[in-house]
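Report on one structure; see the data block that follows.
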Amino acid sequence: MIYLDYHATTLCDPRVVEAMLPYFGVSFGNPSSTIHEAGQNALSAVDTARQQVADLIGARPGAIIFTAGATESNNLAILGLALGTQAGYHLGVNTQPKRRRIVTTAIEHKSVLGPCHALEQEGYEVVTLPVRSDGRVDLEAARGAIADGTLLVAVQAANNEIGTIQPIAEIAEMAHAKGALILCDAAQAVGKIPVDVEAWDVDLLSISAHKMYGPKGVGALYIRGGAYGLPIKPLMYGGGQERELRPGTLNVPGIVGFGAACALSTELMLVEAKRVSSLRDSLEKILIAALPHVRRNGALDNRLPGNSSITFPELDAEALIANLPNIAVSTGSACTSGAPEPSHVLTAIGLDRQDAYSTVRIGIGRFTTESEIALTTKAIVEAAERLTRIQALV
């Protein structure tokens, strides 16, 4: 199988697996049980990983809270911040009136839109910003929406379907000018493009290890100033782990793997991005030459290196994929695949339902080869031409 669905998940790098293995057996201690050497060794491994994660995003290690992934991180950030400010306490000062507005975008991941919708049911005002046809946030709309009563602005670093990279630093400046906080869902960006929490001036940032060649089930929430730097209340109780924000015995092997994946990304990112974007450009060039009617989606000059969202007009994307039995691509976000409605990302950038249903997402990554791209383009062209002939006969 040729795997080209790197937005959904990535292969756990063998070097990451090697780093994790000792913590399933030989070094199996609980990092909360530091009265003996086994627990101390586990805690040391967690501390090392925390530093590795922090180094990748330009943060202090104390600002990193380990979670089960970006979905949990986003929920903790949004819901935890709302709970922590319900008494009108925000950034150390009493605010009147209470901040009850949340600003987000039409193309956010469901792990951001879901908790925002939940807060809307509780009386919060949720403002959804439109995006341009390339997927970039409408900055003028953002300027108008981020008002004095805004609690949080939630904008992703890069989109999980069309790969568009957002101007986070500019949006953060707008948010802070109104006393609001900014959450950046960086699950798709970290490890693929440079991410710097200080340069971007974000208050909260979420990460998933499995999007960057680490294990599934582990991620992090960056909190400016650390766990006590912002008024975030925990969503779960029962232990003091992760500065009481995320109770439960730490997933030491997963955290070690997460750290190792971050260390590898720190080393390989720039060279890897150049190689991967070259493969993507080659794929798109071949497809466009052979199938002139296909269209690319998103910001072509400002997107993730391995992203390609392609619309095949008049063809059903699921039928096309069914004719590619040995190639793993998708129709959109893995979190919504199989849903009866078209992608909310594609409709937000202006595609009609038919074109949305005719769009394939291709994700190229670390282990993709030139020969795989050649085989993939040949198979897609043949499948698209075959389906077009069949439709002509119907």
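Scheme for the structure tokens: letters A, B, ... for chains in order shown; per-chain residue numbers from 1; ligand numbers from 1 in order shown.
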
Long-range neighbours of stretch 25-40 of chain A as a ChimeraX atom specification, 9 Å cut-off, only C-alpha atoms, 6 positions minimum in chain: /A:46,241,249-250,252-253

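Residues in contact range of stretch 294-301 of chain A, defined as at most 8 Å between only C-alpha atoms, with sequence neighbours fewer than 2 positions away removed, read Ser133, Asp134, Gly135, Arg136, Ile162, Gly163, Thr164, Ile165, Leu287, Ile288, Leu291, Pro292, Arg303, Ser308, Ser309, Ile310, Thr311, Phe312 and Pro313 of chain A.
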
Would you put the residues from that selection into a file with N, CA and C atoms, as an mmCIF file, in the first residue's frame?
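Final output, result_27.cif:
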data_model
loop_
_atom_site.group_PDB
_atom_site.id
_atom_site.type_symbol
_atom_site.label_atom_id
_atom_site.label_comp_id
_atom_site.auth_asym_id
_atom_site.auth_seq_id
_atom_site.Cartn_x
_atom_site.Cartn_y
_atom_site.Cartn_z
ATOM 1 N N SER A 133 -11.312 32.597 -0.243
ATOM 2 C CA SER A 133 -11.365 31.395 -1.078
ATOM 3 C C SER A 133 -10.109 30.546 -0.958
ATOM 4 N N ASP A 134 -9.007 31.140 -0.468
ATOM 5 C CA ASP A 134 -7.784 30.352 -0.261
ATOM 6 C C ASP A 134 -7.688 29.776 1.144
ATOM 7 N N GLY A 135 -8.710 30.041 1.957
ATOM 8 C CA GLY A 135 -8.736 29.495 3.309
ATOM 9 C C GLY A 135 -8.138 30.396 4.369
ATOM 10 N N ARG A 136 -7.610 31.538 3.988
ATOM 11 C CA ARG A 136 -7.028 32.460 4.958
ATOM 12 C C ARG A 136 -8.137 33.247 5.650
ATOM 13 N N ILE A 162 -7.067 21.564 3.733
ATOM 14 C CA ILE A 162 -6.494 22.292 2.599
ATOM 15 C C ILE A 162 -5.095 22.820 2.895
ATOM 16 N N GLY A 163 -4.616 22.659 4.122
ATOM 17 C CA GLY A 163 -3.228 22.984 4.447
ATOM 18 C C GLY A 163 -2.909 24.455 4.622
ATOM 19 N N THR A 164 -3.884 25.334 4.452
ATOM 20 C CA THR A 164 -3.637 26.772 4.530
ATOM 21 C C THR A 164 -3.084 27.178 5.887
ATOM 22 N N ILE A 165 -2.019 27.984 5.868
ATOM 23 C CA ILE A 165 -1.374 28.473 7.089
ATOM 24 C C ILE A 165 -1.923 29.861 7.408
ATOM 25 N N LEU A 287 -0.699 15.680 -12.453
ATOM 26 C CA LEU A 287 -2.155 15.543 -12.501
ATOM 27 C C LEU A 287 -2.789 16.660 -13.327
ATOM 28 N N ILE A 288 -2.301 17.877 -13.172
ATOM 29 C CA ILE A 288 -2.872 19.001 -13.904
ATOM 30 C C ILE A 288 -2.598 18.873 -15.401
ATOM 31 N N LEU A 291 -4.934 15.892 -16.493
ATOM 32 C CA LEU A 291 -6.353 16.124 -16.248
ATOM 33 C C LEU A 291 -6.565 17.635 -16.088
ATOM 34 N N PRO A 292 -6.632 18.370 -17.190
ATOM 35 C CA PRO A 292 -6.632 19.840 -17.134
ATOM 36 C C PRO A 292 -7.770 20.447 -16.321
ATOM 37 N N ARG A 303 0.924 27.092 2.404
ATOM 38 C CA ARG A 303 0.269 25.886 2.921
ATOM 39 C C ARG A 303 1.313 24.911 3.428
ATOM 40 N N SER A 308 -2.092 18.499 -0.354
ATOM 41 C CA SER A 308 -2.674 18.712 -1.670
ATOM 42 C C SER A 308 -4.151 18.362 -1.609
ATOM 43 N N SER A 309 -4.982 19.373 -1.777
ATOM 44 C CA SER A 309 -6.433 19.176 -1.836
ATOM 45 C C SER A 309 -6.853 19.428 -3.277
ATOM 46 N N ILE A 310 -7.373 18.395 -3.923
ATOM 47 C CA ILE A 310 -7.636 18.465 -5.364
ATOM 48 C C ILE A 310 -9.096 18.101 -5.662
ATOM 49 N N THR A 311 -9.744 18.963 -6.437
ATOM 50 C CA THR A 311 -11.108 18.705 -6.876
ATOM 51 C C THR A 311 -11.097 18.139 -8.290
ATOM 52 N N PHE A 312 -11.798 17.024 -8.464
ATOM 53 C CA PHE A 312 -11.956 16.374 -9.769
ATOM 54 C C PHE A 312 -13.399 16.603 -10.223
ATOM 55 N N PRO A 313 -13.665 17.696 -10.940
ATOM 56 C CA PRO A 313 -15.042 18.048 -11.300
ATOM 57 C C PRO A 313 -15.786 16.905 -11.982
#

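Across A:Leu204, A:Ala106, A:Ala19, A:Ile2, the tightest approach to A:Gly80 is made by A:Leu204 when counting only C-alpha atoms.
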
A:Arg243 surroundings by only C-alpha atoms, 9 Å radius, close-in-sequence under 4 positions cut, as a PyMOL selection string: chain A and resi 65+226-228+247

Give me a file of those residues, with C-alpha atoms, as a PDB file, in the first residue's frame.
ATOM      1  CA  ILE A  65       0.927  20.124  29.978  1.00  0.00           C
ATOM      2  CA  GLY A 226       2.425  27.568  32.931  1.00  0.00           C
ATOM      3  CA  ALA A 227      -0.565  25.878  34.553  1.00  0.00           C
ATOM      4  CA  TYR A 228      -1.186  28.764  36.918  1.00  0.00           C
ATOM      5  CA  PRO A 247      -5.017  14.050  36.554  1.00  0.00           C
TER       6      PRO A 247
END

How would you write, as a ChimeraX atom specification, the set of residues in stretch 92-238 of chain A that DSSP gives as strand (DSSP E or B)? /A:93-94,101-105,125-129,131,137,150-154,158,164-165,181-185,190,193,204-208,219-223

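Considering only C-alpha atoms, the residue among A:Pro342, A:Lys216, A:Thr71, A:His109 positioned nearest to A:Asn160 is A:His109.
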
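Checking A:Ala290, A:Leu119, A:Val197, A:Val218 one by one against A:Ala383, counting only C-alpha atoms, you find the shortest gap at A:Ala290.
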
Pick out the residues sitting within 9 Å of stretch 254-268 of chain A, and hand them over as an MDAnalysis selection string; count only C-alpha atoms, and ignore anything fewer than 5 positions along from it in its own chain. chainID A and resid 12:13 15:20 23 45:46 48:56 66 190:192 194 208:210 212:219 273

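Of the residues under consideration (A:Ser282, A:Ser73, A:Gln354, A:Ser330), A:Gln354 shows the shortest atom-to-atom contact distance to A:Glu314 when counting only C-alpha atoms.
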